[in-house]
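Novice: This is the structure I have questions about; it appears just below.
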Amino acid sequence: MSTTDIGWRGVAAVDVEEAEERERGARFTGGSRELLAELLRPYRSALMVLVGIVVVENGARLAIPSLVKVGIDSGIPPIRESGNVGPLGLVAGAVLLCSVVQAVARNRFLVQQGEVGQGVLYEVRRRVFRHFQALSPAFHDDYTSGRVISRQTSDVEAIYEMLETGFDGLVKAALTLVGTGVILLFLDWKLGLVALCSGPFLFLLTNWFRRSSADAYRGTREKVALVIVHFVESMGGIRAVQAFRREPRNQEIFDDVNDQYRLANLRAFRLVGLFMPGIKLIGNVTIATVLVYGGYLAYSGEVTVGVLAAFLLYLRQFFEPMQEISQFYNTFQSATAALDKLAGVLREEPGVPEPEHPVALDRARGELRFDHVHFAYVDGRPVVPDLDLTVPAGQTLAVVGTTGAGKTTLAKLATRFYDPVDGEVRLDGLDLRTLAADDLRRNVVMVTQENYLFSGSIADNIRFGRPEAAINDVVAAATALGAHDFIAALPEGYDTDVAQRGGRLSAGQRQLVAFARAFLADPAVLILDEATSSLDIPSERLVQEALHTVLAGRTAVIIAHRLSTVETADRVLVMEHGRVVEDGSPAELISRGEGRFADLHQAWLDSLA
Amino acid sequence: MTTGSLGPDPDSQPPAGVHSLWRLRGYLRPHKVALTIMLTTSLVGVGLTLAIPLVTAAIIDGPVADRDLSGLWALGALAMVLGVLEAVLIWWRRWVQSNAVLSVETAMRHDLYDHLQSLPMGFHSRWQSGQLLSRATVDLSQIRRFFGFGMLFLLVNIVQVVTVTAVLLHMYWPLGVLVAATAVPIVWLSMRFEKSYVVVSRQVQDEQGDLATRAEEGAVAIRVIKSFGRGEHVSRQYEAAALQLRETSLRKVRLSAKFWTFLELIPNLAVTLVLLLGALGVGKGWLTPGELVAFITLMLSLVWPVSSLGVILAMAQEAMTAAARINEIYDTESDVVGGTATIAEPRGRLVLEGVDFAFPDAPDEPVLRGVDLVVEPGETVALVGATGSGKTALTSLVPRLFDVTAGRVTIDGVDVRDLDLTHLRSLVATAFEDPTLFSMSARENLTLGRHDATDAEVEQAIEVAQAHFVHELPWGLDTRIGEQGMALSGGQRQRLALARAVLARPAILVLDDTLSALDVHTEKRVEEALGRVLTHTTGIVVAHRASTVLLADKVALLQDGTITHVGDHRELLATVPAYRELLTSDDSEGAGRSRLEVGV
Ligand SMILES: Nc1ncnc2c1ncn2[C@@H]1O[C@H](COP(=O)(O)OP(=O)(O)OP(=O)(O)O)[C@@H](O)[C@H]1O
Ligand SMILES: Nc1ncnc2c1ncn2[C@@H]1O[C@H](COP(=O)(O)OP(=O)(O)OP(=O)(O)O)[C@@H](O)[C@H]1O
Ligand SMILES: [Mg+2]
Ligand SMILES: [Mg+2]
């Protein structure tokens, strides 16, 4: 079934790494236990209270049948003899009391268990989300949002199932197990030993289940992630899917992953399907053995019939909770697989770590310096071999170059999406690696080629970089960029919901909003990576004017292909294969008459002719 | 139920009930045998659980008391056989059940995905993918669980309760009636519970979907979030939503805790009453003490099935809500339904006649009004218009990603709405303004529209789009290109999307501003190659730059939602000021040049 797998998914560096790690058995060696212990730590006292409640509840529950017996035995004779209902009333009152105590305890237990469970879930969600946010874009490039989502939905769900299954069964079971075990041995040690012979079998069975189910549940976690990844991607790209009639092929792929998921689940279900009746089998066989052996002992007079009867009753009680334990153990195993995955994510180190002792930088002047920077996405394939460049504060630098030359890479280095392999990137003379992320992001803002809008109002999107900004500032930013007109024309103006990923707007409008967002953030260094490529020329011109008036004095790095965009820069950099091949003012470069920028200029003139 | 391209409002809640689940019964039909086995084994299992103690009693009362050794062996063997049989039955039930319910779940997921893929853009732009995802995962597994366990034990428990009650009635009817009467508060409570529970559980499910959406946004938008340093802000929003979910879930927990508690309390109260009245009855000689003991013992065996009904009903309730959420997707029918016509030898004559268009979610805001345009076979038209003027909207009408609200679009004289949808979309290929790539191999992305393309054809498309870089990727065409092609440069992504459209070999090729991220030299090479393709393909090229317009034979100017001018680039440049303003920097053409010249 999975023969098509490699075909459509293609190969990526992570696969190779993952396969290697799997070989070594690393990454999967858990961390689930530590994580669970850590998550439960704040609830230690609450858990103790819960155990107490379970004890009370079970005490009350077990008291009821005995009370009934007492009621019948000692409540009825007085009625018969003298019509005195006093003793019976007393016992009935006690039964009533026990019922109420049991009910109250049960209620308390359920509520408090829910509180602990939900608290743990919240904490898991919080941590995992934050950690995903802290991880570098390089991590997200490979990991894909589908897997991020699957970690945060279905894995968390698996943990929830365990918390919900109720560890009251476990507590109750443990209590009865120990209690009846002791009673059994005291009642008759020979019979007791026969009963305890089931122990090793239970142990072996459980051990087998632990090992095989860990593997099976890991399988379900991985397969469900595949389903989610494919689902999310095909729904996200539905326009291309439909336009290219991709539906049948998508369905084929989906059916494949869906079926893989089914098989993984089936495997886990079948293991449980063996485990649970296996436990039952051991219990039943033990009971039957004790029955025969005990019957024989009673027959030969070695034990009394009363002891045998009591023994058998207790033996049943001994095995009854095993079902609950195994049920809980099952969800525990499933949750462990999920926790392993989450622990793996939490262990992942951010590719661009926060400095331990950040240097404070409130408002940068905006001098940007690349000091012999060497950078490669993939080892051995340098994208930027050795870059040495200083952008003085306040300069408007235009970067042009063939596609794939490394312009965006330059921007990503300046915003610390990546750290250089060698050399340093500095802002105002400070290595970016010594700056706190907050300080850096406040001072250096990039408008990317792929401008993402959040679902929500236009105003909120523009405000994204500065949530405290008043609506006036939002409008001012939009107006300066020439975006106000179209926004005002929308039915709800700035409050219009831009819908999923900004789908309500045209590509150019999205770009303007993304631009306004950066504009409002008011950074010391603004990096525009083809931020006007989808705009018509008049809009582009407005944006440029705004850059020159409102952002005058800021350092700006403008990456663009269109001469109309770069013509007004102070300085132009032409890049090729990660190297700077031309550097100078636009006029200077053109006046040389040859060279890439001069060509660019000529091509532009030609297209206007 | 609502039909139409928008479908139900994602924020509104359709009523959930037994009928929601009942509608899904078709999925169970192929598993009738399995269900019968499951039910029978469970019932026999209940019987066995009761039988084993009886055998025990028989041994103690019989052989041991009578000193009959052979009887001991016989009954002992019987106990053993029954015990093994019980385990085997459980195993058998679980085996059959895993097969059946997983097949049901998989089939439902298949259908859901299939249906979602067929729903039009109008639907998808309104529904967050997190909401869709939570239906495809959480909701389906809830339904699976109900079909596997809930439904079964609902039946088994009811059978058990009814049988025991019947036996009780038979034993001593006045107390039996009392026991039967406890059904009244239980049923009443269940109904009340159902009403409030359905509301909370729907809310929990919706909030889970919302959280999934946020998780997705947090991942997809990671680069924007990072570049503004807003990780903290987004995390706090996520946490607020998670907190909200926690509160709602706790409400649900409290509600069910209350319900479950009452379900335990009621039988216990009944036990108290029976004890009181029964003991009085014994005192008055209406029944024997032995009868009373038997009665109460039997009655105590009712406590568990009744109280576990609570869990099962909650499960049922959740399954119903889940089913309602699934049904609301099924109930949305695509209004972009294909016709049956096909064009045997497509020439690619594209005509728009009096086309009006408004997006389905904003029907009062017409985007296009009375658009007329004729593109002859093999001709290429450049579509020029200001930002937001409706160029993309216009191009999306051709492959029917959206439908016109008035007028018609025809290809070779056939209205696109009469054409078979798959056929139509094989006639038209679009390179979208955002590349829309998938985290699959580069080849798979390229052959999106033609899965059976040969290597030579792929190579040709790569040549046209100047996308040779794919061969330099670490695993060549087999390299996975990362989500949205994030491991590629902007221009590389765009060329891949372009190659994909070219590879589809359409009769009509739509390029929606597809050269915007290319440098001038690459653009020129792509244009030359594209020019060759476009000589025998009808083309629509959306352009913001004069260089791209030069690809076209003629230009259509889109203004205020309608096409005001059609003509030659130079002619329009000379005669239409609006056009000149859009495509040249006009005065700044001079200004820009003079600025540069001043610097010389
Ligand atoms: N995340 C990544 N992983 C691996 N390789 C990458 C990654 N991002 C970019 N590259 C490669 O690095 C090179 C430079 O990419 P970059 O995005 O810097 O180009 P660019 O100059 O911005 O090009 P364009 O003008 O097309 O946007 C390209 O060959 C690209 O394939
Ligand atoms: N899904 C939608 N619902 C409602 N209105 C929309 C939707 N998508 C776009 N619009 C609006 O319709 C108008 C036309 O959008 P369209 O995307 O066709 O513009 P465009 O000409 O392609 O612009 P650009 O050059 O910026 O790509 C815009 O004003 C936009 O705000
Ligand atoms: Mg780039
Ligand atoms: Mg557009």
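Letters for chains follow the order of the structure tokens (A, B, ...), residue numbers begin at 1 for each chain, and ligand numbers begin at 1 in the order shown.
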9 Å from ligand 2 is the threshold here; counting only C-alpha atoms and all ligand atoms, which polymer residues fall inside it? Answer as a PyMOL selection string.

Specialist: (chain A and resi 486-487+489-490+498-499+502-511+534-536) or (chain B and resi 121-122+125-126+358-363+365-368+384-396+433+512-513+542-544+558+561)

Novice: So that I can check the surroundings of Ala74 in chain B, please list as an mmCIF file with N, CA and C atoms, in the first residue's frame every protein, DNA and RNA residue that reaches within 12 Å of it, counting only C-alpha atoms and ignoring chain neighbours fewer than 5 positions away.

Specialist:
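File produced: out.cif:
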```cif
data_model
loop_
_atom_site.group_PDB
_atom_site.id
_atom_site.type_symbol
_atom_site.label_atom_id
_atom_site.label_comp_id
_atom_site.auth_asym_id
_atom_site.auth_seq_id
_atom_site.Cartn_x
_atom_site.Cartn_y
_atom_site.Cartn_z
ATOM 1 N N ALA A 288 -11.081 -21.090 38.365
ATOM 2 C CA ALA A 288 -11.491 -22.488 38.156
ATOM 3 C C ALA A 288 -10.516 -23.427 38.855
ATOM 4 N N LEU A 291 -11.035 -23.341 42.440
ATOM 5 C CA LEU A 291 -12.319 -23.990 42.710
ATOM 6 C C LEU A 291 -12.119 -25.503 42.822
ATOM 7 N N VAL A 292 -11.414 -26.041 41.861
ATOM 8 C CA VAL A 292 -11.219 -27.488 41.849
ATOM 9 C C VAL A 292 -10.303 -27.913 43.011
ATOM 10 N N GLY A 295 -11.989 -27.255 46.188
ATOM 11 C CA GLY A 295 -13.056 -28.253 46.337
ATOM 12 C C GLY A 295 -12.450 -29.560 46.825
ATOM 13 N N VAL B 55 -22.030 -21.876 38.976
ATOM 14 C CA VAL B 55 -21.267 -23.119 38.985
ATOM 15 C C VAL B 55 -20.523 -23.237 40.312
ATOM 16 N N ALA B 58 -22.806 -24.238 42.849
ATOM 17 C CA ALA B 58 -23.182 -25.637 42.643
ATOM 18 C C ALA B 58 -22.111 -26.565 43.208
ATOM 19 N N ILE B 59 -20.834 -26.174 42.989
ATOM 20 C CA ILE B 59 -19.756 -27.026 43.492
ATOM 21 C C ILE B 59 -19.781 -27.092 45.015
ATOM 22 N N GLY B 62 -23.000 -28.811 46.032
ATOM 23 C CA GLY B 62 -23.129 -30.173 45.497
ATOM 24 C C GLY B 62 -22.005 -31.088 45.925
ATOM 25 N N PRO B 63 -21.021 -31.275 45.060
ATOM 26 C CA PRO B 63 -19.993 -32.297 45.257
ATOM 27 C C PRO B 63 -19.293 -32.193 46.601
ATOM 28 N N ASP B 68 -18.745 -35.902 46.541
ATOM 29 C CA ASP B 68 -18.839 -36.591 45.247
ATOM 30 C C ASP B 68 -17.693 -36.100 44.385
ATOM 31 N N LEU B 69 -16.598 -36.867 44.352
ATOM 32 C CA LEU B 69 -15.394 -36.396 43.687
ATOM 33 C C LEU B 69 -15.585 -36.229 42.189
ATOM 34 N N ALA B 79 -16.526 -25.096 34.933
ATOM 35 C CA ALA B 79 -16.113 -23.731 35.292
ATOM 36 C C ALA B 79 -14.950 -23.287 34.406
ATOM 37 N N MET B 80 -14.017 -24.201 34.186
ATOM 38 C CA MET B 80 -12.873 -23.890 33.353
ATOM 39 C C MET B 80 -13.312 -23.555 31.928
ATOM 40 N N VAL B 81 -14.169 -24.409 31.389
ATOM 41 C CA VAL B 81 -14.630 -24.197 30.010
ATOM 42 C C VAL B 81 -15.368 -22.868 29.893
#
```

Novice: Excluding Asp386 in chain A and its own-chain neighbours fewer than 3 positions away, which residues fall within 8 Å of it when counting only C-alpha atoms? Please give them as a list in words.

Specialist: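 Counting only the stated atoms, we get His372, Val373, His374, Phe375, Gly578 and Arg579 of chain A.
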
Novice: Output all heavy atoms for every residue in that selection, as a compact mmCIF listing (two decimals), in the first residue's frame.

Specialist:
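This is the output file again18.txt:
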```
# COMPACT_ATOMS: atom_id res chain seq x y z
N HIS A 372 32.13 39.12 7.10
CA HIS A 372 32.57 37.82 6.57
C HIS A 372 31.58 36.71 6.85
O HIS A 372 31.90 35.68 7.43
CB HIS A 372 33.95 37.46 7.13
CG HIS A 372 35.01 38.37 6.58
ND1 HIS A 372 35.45 38.29 5.28
CD2 HIS A 372 35.67 39.40 7.14
CE1 HIS A 372 36.35 39.22 5.06
NE2 HIS A 372 36.49 39.93 6.17
N VAL A 373 30.37 36.95 6.41
CA VAL A 373 29.31 35.99 6.70
C VAL A 373 29.35 34.84 5.69
O VAL A 373 29.41 35.05 4.49
CB VAL A 373 27.93 36.69 6.65
CG1 VAL A 373 26.83 35.66 6.62
CG2 VAL A 373 27.79 37.61 7.85
N HIS A 374 29.33 33.65 6.24
CA HIS A 374 29.25 32.45 5.43
C HIS A 374 27.99 31.72 5.84
O HIS A 374 27.72 31.53 7.02
CB HIS A 374 30.48 31.58 5.67
CG HIS A 374 30.39 30.23 5.02
ND1 HIS A 374 30.74 30.03 3.71
CD2 HIS A 374 29.98 29.04 5.49
CE1 HIS A 374 30.54 28.75 3.40
NE2 HIS A 374 30.08 28.13 4.47
N PHE A 375 27.20 31.32 4.84
CA PHE A 375 25.94 30.67 5.21
C PHE A 375 25.54 29.60 4.20
O PHE A 375 25.71 29.77 2.99
CB PHE A 375 24.82 31.70 5.32
CG PHE A 375 23.50 31.08 5.66
CD1 PHE A 375 23.25 30.63 6.96
CD2 PHE A 375 22.53 30.89 4.70
CE1 PHE A 375 22.06 30.02 7.28
CE2 PHE A 375 21.32 30.29 5.02
CZ PHE A 375 21.09 29.85 6.32
N GLY A 578 25.20 34.54 -4.30
CA GLY A 578 25.56 34.87 -2.94
C GLY A 578 26.69 35.87 -2.81
O GLY A 578 27.17 36.14 -1.71
N ARG A 579 27.16 36.40 -3.93
CA ARG A 579 28.24 37.37 -3.88
C ARG A 579 27.75 38.72 -4.39
O ARG A 579 26.86 38.78 -5.24
CB ARG A 579 29.39 36.93 -4.78
CG ARG A 579 30.26 35.90 -4.16
CD ARG A 579 31.26 35.43 -5.22
NE ARG A 579 31.33 33.99 -5.17
CZ ARG A 579 32.09 33.32 -4.32
NH1 ARG A 579 32.83 33.97 -3.45
NH2 ARG A 579 32.10 32.01 -4.32
```

Novice: Taking only C-alpha atoms and all ligand atoms into account, which of B:Ala431, B:Ala501, B:Ile540, B:Leu488 comes nearest ligand 1?

Specialist: B:Leu488

Novice: As a PyMOL selection string, please: the residues near range 309-324 of chain A (cut-off 6 Å, only C-alpha atoms, same-chain neighbours under 6 positions excluded).

Specialist: chain A and resi 169+173+177+180+283
